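Visitor: So here's coords.cif (mmCIF, C-alpha atoms).
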data_start
#
loop_
_atom_site.group_PDB
_atom_site.id
_atom_site.type_symbol
_atom_site.label_atom_id
_atom_site.label_comp_id
_atom_site.auth_asym_id
_atom_site.auth_seq_id
_atom_site.Cartn_x
_atom_site.Cartn_y
_atom_site.Cartn_z
ATOM 1 C CA MET A 99 3.469 1.033 24.178
ATOM 2 C CA LYS A 100 6.497 2.274 22.277
ATOM 3 C CA THR A 101 5.895 5.073 19.797
ATOM 4 C CA LEU A 102 7.685 5.802 16.549
ATOM 5 C CA TYR A 103 9.576 8.566 18.344
ATOM 6 C CA ASP A 104 10.888 6.068 20.924
ATOM 7 C CA TRP A 105 12.134 3.750 18.195
ATOM 8 C CA PHE A 106 13.740 6.723 16.435
ATOM 9 C CA LEU A 107 15.632 7.649 19.609
ATOM 10 C CA ALA A 108 16.775 4.048 20.156
ATOM 11 C CA PHE A 109 17.963 3.736 16.542
ATOM 12 C CA GLY A 110 19.692 7.109 16.751
ATOM 13 C CA MET A 111 21.544 6.064 19.903
ATOM 14 C CA LEU A 112 22.661 2.840 18.215
ATOM 15 C CA VAL A 113 23.954 4.543 15.072
ATOM 16 C CA THR A 114 25.619 7.539 16.722
ATOM 17 C CA GLY A 115 27.101 5.410 19.527
ATOM 18 C CA SER A 116 28.690 3.045 17.022
ATOM 19 C CA ALA A 117 29.936 5.945 14.911
ATOM 20 C CA ASN A 118 31.436 7.546 18.013
ATOM 21 C CA THR A 119 33.376 4.385 18.871
ATOM 22 C CA LEU A 120 34.639 3.847 15.321
ATOM 23 C CA THR A 121 35.770 7.427 14.781
ATOM 24 C CA THR A 122 37.472 7.576 18.180
ATOM 25 C CA LYS A 123 39.320 4.308 17.540
ATOM 26 C CA TYR A 124 40.269 5.516 14.060
ATOM 27 C CA ALA A 125 41.800 8.627 15.621
ATOM 28 C CA ASP A 126 43.817 6.392 17.972
ATOM 29 C CA THR A 127 45.371 4.612 14.975
ATOM 30 C CA LEU A 128 46.571 7.771 13.234
ATOM 31 C CA GLU A 129 50.309 8.439 13.105
ATOM 32 C CA VAL A 130 52.105 11.663 12.285
ATOM 33 C CA LYS A 131 55.761 12.659 12.087
ATOM 34 C CA GLY A 132 56.895 14.788 14.974
ATOM 35 C CA LEU A 133 59.512 17.538 15.050
ATOM 36 C CA HIS A 134 62.303 14.971 15.164
ATOM 37 C CA GLY A 135 60.950 12.938 12.253
ATOM 38 C CA LYS A 136 59.698 10.114 14.459
ATOM 39 C CA LYS A 137 56.188 8.771 13.916
ATOM 40 C CA THR A 138 53.912 9.280 16.887
ATOM 41 C CA GLU A 139 50.466 7.806 17.453
ATOM 42 C CA PHE A 140 47.525 10.009 18.372
ATOM 43 C CA ASN A 141 47.073 8.944 21.983
ATOM 44 C CA HIS A 142 44.998 11.646 23.703
ATOM 45 C CA PRO A 143 41.961 10.033 25.419
ATOM 46 C CA PHE A 144 41.422 12.987 27.753
ATOM 47 C CA PHE A 145 41.335 15.410 24.837
ATOM 48 C CA GLN A 146 38.803 13.137 23.118
ATOM 49 C CA ALA A 147 36.662 13.146 26.262
ATOM 50 C CA ASP A 148 36.867 16.938 26.347
ATOM 51 C CA GLY A 149 35.639 17.041 22.767
ATOM 52 C CA MET A 150 32.628 14.958 23.791
ATOM 53 C CA PHE A 151 31.808 17.464 26.525
ATOM 54 C CA LEU A 152 32.097 20.283 24.020
ATOM 55 C CA GLY A 153 29.436 18.565 21.932
ATOM 56 C CA GLU A 154 27.206 18.128 24.960
ATOM 57 C CA SER A 155 27.608 21.785 25.921
ATOM 58 C CA LEU A 156 26.237 22.804 22.518
ATOM 59 C CA CYS A 157 22.900 21.424 23.709
ATOM 60 C CA MET A 158 22.720 24.593 25.815
ATOM 61 C CA ILE A 159 21.687 26.448 22.651
ATOM 62 C CA VAL A 160 18.685 24.163 22.191
ATOM 63 C CA PHE A 161 17.869 24.286 25.899
ATOM 64 C CA LEU A 162 17.922 28.081 26.104
ATOM 65 C CA GLY A 163 15.830 28.243 22.947
ATOM 66 C CA SER A 164 13.206 25.990 24.531
ATOM 67 C CA VAL A 165 13.247 28.095 27.715
ATOM 68 C CA PHE A 166 12.674 31.341 25.811
ATOM 69 C CA ARG A 167 9.951 29.690 23.767
ATOM 70 C CA GLN A 168 8.241 28.487 26.947
ATOM 71 C CA ARG A 169 8.474 31.963 28.458
ATOM 72 C CA ALA A 170 6.867 33.501 25.388
ATOM 73 C CA ARG A 171 4.129 30.858 25.459
ATOM 74 C CA ASP A 172 3.480 31.572 29.140
ATOM 75 C CA ARG A 173 3.249 35.312 28.517
ATOM 76 C CA ARG A 174 0.713 34.780 25.748
ATOM 77 C CA ALA A 175 -1.305 32.416 27.921
ATOM 78 C CA LYS A 176 -1.256 34.893 30.796
ATOM 79 C CA ALA A 177 -2.345 37.738 28.546
ATOM 80 C CA GLN A 178 -5.164 35.769 26.953
ATOM 81 C CA GLN A 179 -6.472 33.734 29.861
ATOM 82 C CA GLY A 180 -5.068 35.479 32.920
ATOM 83 C CA THR A 181 -3.385 32.276 34.085
ATOM 84 C CA GLU A 182 -0.224 32.217 36.165
ATOM 85 C CA LYS A 183 3.131 31.756 34.558
ATOM 86 C CA GLN A 184 4.493 28.220 34.693
ATOM 87 C CA PRO A 185 7.899 27.533 36.332
ATOM 88 C CA LEU A 186 10.924 28.165 34.135
ATOM 89 C CA LEU A 187 12.030 24.622 33.352
ATOM 90 C CA VAL A 188 8.725 22.774 33.199
ATOM 91 C CA GLY A 189 8.273 21.470 29.693
ATOM 92 C CA ALA A 190 4.473 21.336 29.797
ATOM 93 C CA LYS A 191 3.016 20.759 26.388
ATOM 94 C CA ASP A 192 -0.648 21.096 27.165
ATOM 95 C CA ASP A 193 -3.094 21.987 29.913
ATOM 96 C CA ALA A 194 -3.301 18.388 31.104
ATOM 97 C CA ALA A 195 0.450 18.222 31.613
ATOM 98 C CA SER A 196 0.357 21.548 33.456
ATOM 99 C CA ASP A 197 -2.373 20.294 35.753
ATOM 100 C CA SER A 198 -0.453 17.118 36.534
ATOM 101 C CA LEU A 199 2.651 19.125 37.356
ATOM 102 C CA SER A 200 0.714 21.442 39.617
ATOM 103 C CA THR A 201 -0.713 18.512 41.533
ATOM 104 C CA ALA A 202 2.740 16.976 41.958
ATOM 105 C CA PRO A 203 5.113 19.895 42.633
ATOM 106 C CA LYS A 204 8.813 19.302 42.216
ATOM 107 C CA LYS A 205 11.846 20.849 43.872
ATOM 108 C CA THR A 206 13.479 24.007 42.555
ATOM 109 C CA PHE A 207 16.098 23.352 39.907
ATOM 110 C CA ASN A 208 19.720 24.079 40.826
ATOM 111 C CA PRO A 209 22.171 23.763 37.886
ATOM 112 C CA PHE A 210 25.189 23.212 40.148
ATOM 113 C CA LEU A 211 23.747 19.892 41.283
ATOM 114 C CA PHE A 212 24.762 18.493 37.917
ATOM 115 C CA ILE A 213 28.442 18.888 38.738
ATOM 116 C CA LEU A 214 28.241 15.432 40.369
ATOM 117 C CA PRO A 215 26.957 13.567 37.278
ATOM 118 C CA ALA A 216 29.328 15.659 35.159
ATOM 119 C CA LEU A 217 32.255 14.382 37.237
ATOM 120 C CA CYS A 218 30.947 10.830 36.829
ATOM 121 C CA ASP A 219 30.661 11.355 33.092
ATOM 122 C CA MET A 220 34.148 12.823 32.943
ATOM 123 C CA THR A 221 35.663 9.908 34.869
ATOM 124 C CA GLY A 222 33.731 7.232 32.993
ATOM 125 C CA THR A 223 34.378 8.646 29.527
ATOM 126 C CA SER A 224 38.076 9.185 30.201
ATOM 127 C CA CYS A 225 38.480 5.610 31.455
ATOM 128 C CA MET A 226 36.596 4.272 28.441
ATOM 129 C CA TYR A 227 38.755 6.183 25.979
ATOM 130 C CA ILE A 228 41.925 5.029 27.730
ATOM 131 C CA GLY A 229 40.615 1.471 27.530
ATOM 132 C CA LEU A 230 39.810 1.951 23.856
ATOM 133 C CA THR A 231 43.483 2.656 23.150
ATOM 134 C CA LEU A 232 44.336 -0.750 24.655
ATOM 135 C CA THR A 233 41.627 -2.946 23.150
ATOM 136 C CA SER A 234 39.702 -3.251 19.893
ATOM 137 C CA ALA A 235 36.634 -1.203 18.998
ATOM 138 C CA SER A 236 34.393 -4.292 18.742
ATOM 139 C CA ILE A 237 35.367 -5.583 22.203
ATOM 140 C CA PHE A 238 35.010 -2.066 23.617
ATOM 141 C CA GLN A 239 31.492 -1.668 22.251
ATOM 142 C CA MET A 240 30.336 -5.071 23.513
ATOM 143 C CA LEU A 241 31.811 -4.564 26.984
ATOM 144 C CA ARG A 242 29.908 -1.288 27.246
ATOM 145 C CA GLY A 243 26.758 -3.401 27.397
ATOM 146 C CA SER A 244 27.661 -4.299 30.972
ATOM 147 C CA VAL A 245 26.270 -0.912 32.012
ATOM 148 C CA VAL A 246 22.842 -2.600 31.927
ATOM 149 C CA ILE A 247 23.852 -4.844 34.839
ATOM 150 C CA PHE A 248 25.254 -2.111 37.066
ATOM 151 C CA THR A 249 22.440 0.332 36.316
ATOM 152 C CA GLY A 250 19.795 -2.284 37.070
ATOM 153 C CA ILE A 251 21.346 -3.192 40.414
ATOM 154 C CA LEU A 252 21.953 0.413 41.496
ATOM 155 C CA SER A 253 18.435 1.462 40.498
ATOM 156 C CA VAL A 254 17.056 -1.200 42.835
ATOM 157 C CA LEU A 255 19.336 -0.204 45.709
ATOM 158 C CA PHE A 256 19.019 3.574 45.499
ATOM 159 C CA LEU A 257 15.896 4.364 43.448
ATOM 160 C CA LYS A 258 13.832 1.447 44.782
ATOM 161 C CA ASN A 259 12.869 0.458 41.258
ATOM 162 C CA LYS A 260 11.304 -2.952 40.839
ATOM 163 C CA GLN A 261 12.994 -5.373 38.472
ATOM 164 C CA TYR A 262 10.918 -8.232 37.116
ATOM 165 C CA LEU A 263 12.118 -11.735 36.330
ATOM 166 C CA PHE A 264 12.735 -10.997 32.653
ATOM 167 C CA HIS A 265 14.891 -8.029 33.697
ATOM 168 C CA TRP A 266 17.100 -10.241 35.845
ATOM 169 C CA VAL A 267 17.267 -12.904 33.114
ATOM 170 C CA GLY A 268 18.313 -10.243 30.623
ATOM 171 C CA MET A 269 21.027 -8.934 32.948
ATOM 172 C CA LEU A 270 22.266 -12.501 33.499
ATOM 173 C CA LEU A 271 22.560 -13.045 29.756
ATOM 174 C CA VAL A 272 24.414 -9.742 29.395
ATOM 175 C CA LEU A 273 26.772 -10.822 32.185
ATOM 176 C CA ILE A 274 27.492 -14.152 30.479
ATOM 177 C CA GLY A 275 28.012 -12.485 27.102
ATOM 178 C CA THR A 276 30.298 -9.816 28.560
ATOM 179 C CA ALA A 277 32.390 -12.427 30.371
ATOM 180 C CA LEU A 278 32.759 -14.541 27.207
ATOM 181 C CA VAL A 279 33.753 -11.534 25.126
ATOM 182 C CA GLY A 280 36.307 -10.365 27.666
ATOM 183 C CA VAL A 281 37.892 -13.793 28.140
ATOM 184 C CA ALA A 282 37.990 -14.496 24.402
ATOM 185 C CA SER A 283 39.777 -11.205 23.712
ATOM 186 C CA ILE A 284 42.467 -12.125 26.260
ATOM 187 C CA ILE A 285 42.922 -15.758 25.201
ATOM 188 C CA ASP A 286 43.127 -14.951 21.500
ATOM 189 C CA PRO A 287 44.305 -11.328 21.212
ATOM 190 C CA ASP A 288 44.066 -9.812 17.763
ATOM 191 C CA ASP A 289 47.310 -7.883 17.992
ATOM 192 C CA ASP A 290 50.462 -7.632 15.905
ATOM 193 C CA ASP A 291 52.646 -7.540 19.025
ATOM 194 C CA ASP A 292 55.098 -10.446 19.072
ATOM 195 C CA ASP A 293 54.966 -10.666 22.870
ATOM 196 C CA ASP A 294 51.670 -12.449 23.494
ATOM 197 C CA SER A 295 51.843 -12.024 27.275
ATOM 198 C CA LYS A 296 52.372 -8.285 26.916
ATOM 199 C CA SER A 297 49.517 -8.043 24.413
ATOM 200 C CA ALA A 298 47.181 -10.053 26.648
ATOM 201 C CA SER A 299 47.980 -7.946 29.703
ATOM 202 C CA LYS A 300 47.398 -4.764 27.711
ATOM 203 C CA ILE A 301 44.020 -6.004 26.506
ATOM 204 C CA MET A 302 43.097 -7.158 30.003
ATOM 205 C CA LEU A 303 43.868 -3.700 31.374
ATOM 206 C CA GLY A 304 41.854 -2.066 28.609
ATOM 207 C CA ASN A 305 38.878 -4.347 29.189
ATOM 208 C CA GLY A 306 39.051 -3.723 32.922
ATOM 209 C CA LEU A 307 39.029 0.048 32.408
ATOM 210 C CA VAL A 308 36.009 -0.196 30.112
ATOM 211 C CA VAL A 309 34.050 -2.310 32.609
ATOM 212 C CA PHE A 310 35.042 -0.026 35.502
ATOM 213 C CA ALA A 311 33.834 2.933 33.455
ATOM 214 C CA GLN A 312 30.412 1.284 33.162
ATOM 215 C CA VAL A 313 30.125 1.257 36.971
ATOM 216 C CA VAL A 314 30.771 5.010 36.997
ATOM 217 C CA VAL A 315 28.309 5.546 34.127
ATOM 218 C CA ALA A 316 25.685 3.533 36.025
ATOM 219 C CA ILE A 317 26.114 5.832 39.033
ATOM 220 C CA GLN A 318 25.732 8.794 36.698
ATOM 221 C CA MET A 319 22.499 7.396 35.248
ATOM 222 C CA VAL A 320 20.991 6.742 38.656
ATOM 223 C CA VAL A 321 21.824 10.276 39.817
ATOM 224 C CA GLU A 322 20.401 11.766 36.616
ATOM 225 C CA GLU A 323 17.160 9.802 36.939
ATOM 226 C CA LYS A 324 16.818 10.974 40.524
ATOM 227 C CA PHE A 325 17.265 14.602 39.535
ATOM 228 C CA ILE A 326 15.031 14.467 36.458
ATOM 229 C CA THR A 327 12.135 12.816 38.275
ATOM 230 C CA SER A 328 12.312 15.050 41.351
ATOM 231 C CA MET A 329 13.187 18.466 39.905
ATOM 232 C CA LYS A 330 11.871 20.935 37.363
ATOM 233 C CA VAL A 331 14.384 20.279 34.608
ATOM 234 C CA ALA A 332 14.128 19.086 31.030
ATOM 235 C CA PRO A 333 16.388 16.199 29.912
ATOM 236 C CA ILE A 334 18.072 18.423 27.315
ATOM 237 C CA GLY A 335 18.955 20.769 30.173
ATOM 238 C CA VAL A 336 20.669 17.939 32.037
ATOM 239 C CA VAL A 337 22.869 17.176 29.019
ATOM 240 C CA ALA A 338 23.609 20.869 28.485
ATOM 241 C CA PHE A 339 24.674 21.635 32.051
ATOM 242 C CA GLU A 340 26.709 18.432 32.337
ATOM 243 C CA GLY A 341 28.454 19.348 29.099
ATOM 244 C CA VAL A 342 29.275 22.865 30.305
ATOM 245 C CA PHE A 343 30.552 21.693 33.689
ATOM 246 C CA GLY A 344 32.445 18.728 32.239
ATOM 247 C CA PHE A 345 34.063 20.790 29.481
ATOM 248 C CA THR A 346 35.093 23.527 31.918
ATOM 249 C CA ILE A 347 36.540 21.185 34.548
ATOM 250 C CA LEU A 348 38.338 18.852 32.129
ATOM 251 C CA SER A 349 39.724 21.744 30.068
ATOM 252 C CA CYS A 350 41.200 23.288 33.215
ATOM 253 C CA LEU A 351 42.735 19.945 34.172
ATOM 254 C CA LEU A 352 44.222 19.511 30.695
ATOM 255 C CA VAL A 353 45.830 22.955 30.882
ATOM 256 C CA ALA A 354 47.103 22.353 34.422
ATOM 257 C CA PHE A 355 48.521 18.889 33.808
#
Any chance you could put this one into structure tokens?
Guide:
Amino acid sequence: MKTLYDWFLAFGMLVTGSANTLTTKYADTLEVKGLHGKKTEFNHPFFQADGMFLGESLCMIVFLGSVFRQRARDRRAKAQQGTEKQPLLVGAKDDAASDSLSTAPKKTFNPFLFILPALCDMTGTSCMYIGLTLTSASIFQMLRGSVVIFTGILSVLFLKNKQYLFHWVGMLLVLIGTALVGVASIIDPDDDDDDDSKSASKIMLGNGLVVFAQVVVAIQMVVEEKFITSMKVAPIGVVAFEGVFGFTILSCLLVAF
């Protein structure tokens, strides 16, 4: 049964995800005069992706705070009850959770494992932001829903998750809706470009990049679920380490290229 906290997280993802798309697209429409007096559009999708990783890396502050808090709690418990200290990244909230973790031990946490999902996130986000410069924000946001299809299929293939009939029906409806949205945006492009064929090809490329990015994001989600369920790591730690690795790698690439 869903709790109020679950609904809060879902609503928060909806609001912040929409705000992220709108603000990013707004940045793409900005024009400034360059050194030669010519207006230039802000077209820096890789820099925008790097900014996203910077935000994710700030989660490291919250993660380290939770680790230190857990350490202090373990020291107090050891001093008062003589119990053993819990592993570093186990977010046990009560004795029952601690007992369940002790009966089902997980592998030791290695932060460098999250370089792989960070690379997936970097590739997927960069492709999405490039696609956003070529298509509209509304089409972009609706095409992102195709991640449900790819994640569902990959979770069955690699995580052995069971999908019920209503799951497959839902993915089929998402597939139909995504196809209709993509085709409609190409047939009737909302663009001021006089060359309709050029506008349609640009939108088609943008839509294709967005859909391709969802495949990469689906791989990222499957890898993250595998790590979270099999290792001693809190979800906030996953976001933090992916942000640090992604920001470091993409920043170096931006400087180099």
Visitor: Within 10 Å of Ile159 (chain A), counting all atoms listed in the file, which residues show up once you throw out same-chain ones fewer than 4 positions away? Write them as a list in words, please.
Guide: Ser155, Gly163, Ser164, Val165, Ile334, Gly335 and Ala338 of chain A
Visitor: Please report, as AutoDock Vina command-line options, the centre and edge lengths in Å to one decimal of an axis-aligned box covering all listed atoms of region 245-256 of chain A with 6 Å per side.
Guide:
--center_x 21.7 --center_y -0.6 --center_z 38.8 --size_x 21.2 --size_y 20.4 --size_z 25.8
Visitor: If I take CA of His142 (chain A) and CA of Phe345 (chain A), how far is one from the other in Å, to one decimal?
Guide: 15.4 Å
Visitor: May I ask for the distance between CA of Asn208 (chain A) and CA of Ala354 (chain A), given in Å to one decimal place?
Guide: 28.2 Å
Visitor: List as a VMD selection string the protein and nucleic acid residues near region 346-351 of chain A, meaning an atom at most 10 Å away when all atoms listed in the file are counted, but skip any in the same chain fewer than 6 places from it.
Guide: chain A and resid 144 to 145 147 to 149 151 to 152 155 213 216 to 217 220 to 221 224 340
Visitor: For the selection just defined, write its residues with C-alpha atoms to a file, as a PDB file, in the frame of the given file.
Guide:
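Below you can see part-v6.pdb, which holds the result:
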ATOM      1  CA  PHE A 144      41.422  12.987  27.753  1.00  0.00           C
ATOM      2  CA  PHE A 145      41.335  15.410  24.837  1.00  0.00           C
ATOM      3  CA  ALA A 147      36.662  13.146  26.262  1.00  0.00           C
ATOM      4  CA  ASP A 148      36.867  16.938  26.347  1.00  0.00           C
ATOM      5  CA  GLY A 149      35.639  17.041  22.767  1.00  0.00           C
ATOM      6  CA  PHE A 151      31.808  17.464  26.525  1.00  0.00           C
ATOM      7  CA  LEU A 152      32.097  20.283  24.020  1.00  0.00           C
ATOM      8  CA  SER A 155      27.608  21.785  25.921  1.00  0.00           C
ATOM      9  CA  ILE A 213      28.442  18.888  38.738  1.00  0.00           C
ATOM     10  CA  ALA A 216      29.328  15.659  35.159  1.00  0.00           C
ATOM     11  CA  LEU A 217      32.255  14.382  37.237  1.00  0.00           C
ATOM     12  CA  MET A 220      34.148  12.823  32.943  1.00  0.00           C
ATOM     13  CA  THR A 221      35.663   9.908  34.869  1.00  0.00           C
ATOM     14  CA  SER A 224      38.076   9.185  30.201  1.00  0.00           C
ATOM     15  CA  GLU A 340      26.709  18.432  32.337  1.00  0.00           C
TER      16      GLU A 340
END
Visitor: Give me the residues within 8 Å of region 247-252 of chain A as a PyMOL selection string, counting all atoms listed in the file and dropping any in the same chain fewer than 2 places off.
Guide: chain A and resi 244-245+254-257+261+269-270+272-273+312-313+316-317+319-320
Visitor: Tell me, as a count of residues only, which residues lie within 12 Å of Asn118 (chain A), counting all atoms listed in the file; anything in the same chain fewer than 5 positions away does not count.
Guide: 18
Visitor: Report the distance between CA of Phe339 (chain A) and CA of Cys157 (chain A) in Å, rounded to one decimal place.
Guide: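 Result for CA of Phe339 (chain A) versus CA of Cys157 (chain A): 8.5 Å, one decimal.
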Visitor: For a quick check of understanding, using only C-alpha atoms, which of A:Lys100, A:Phe310, A:Arg174, A:Asn259 has the smallest distance to Met226 (chain A)?
Guide: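 The closest residue to Met226 (chain A) is A:Phe310.
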Visitor: Applied to the shown file, which residues does the PyMOL selection byres ((chain A and resi 138-140) around 7) return, written as a list in words?
Guide: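 Residues picked by the PyMOL selection byres ((chain A and resi 138-140) around 7): Ala125, Asp126, Thr127, Leu128, Glu129, Val130, Lys131, Gly132, Lys136, Lys137, Asn141 and His142 of chain A.
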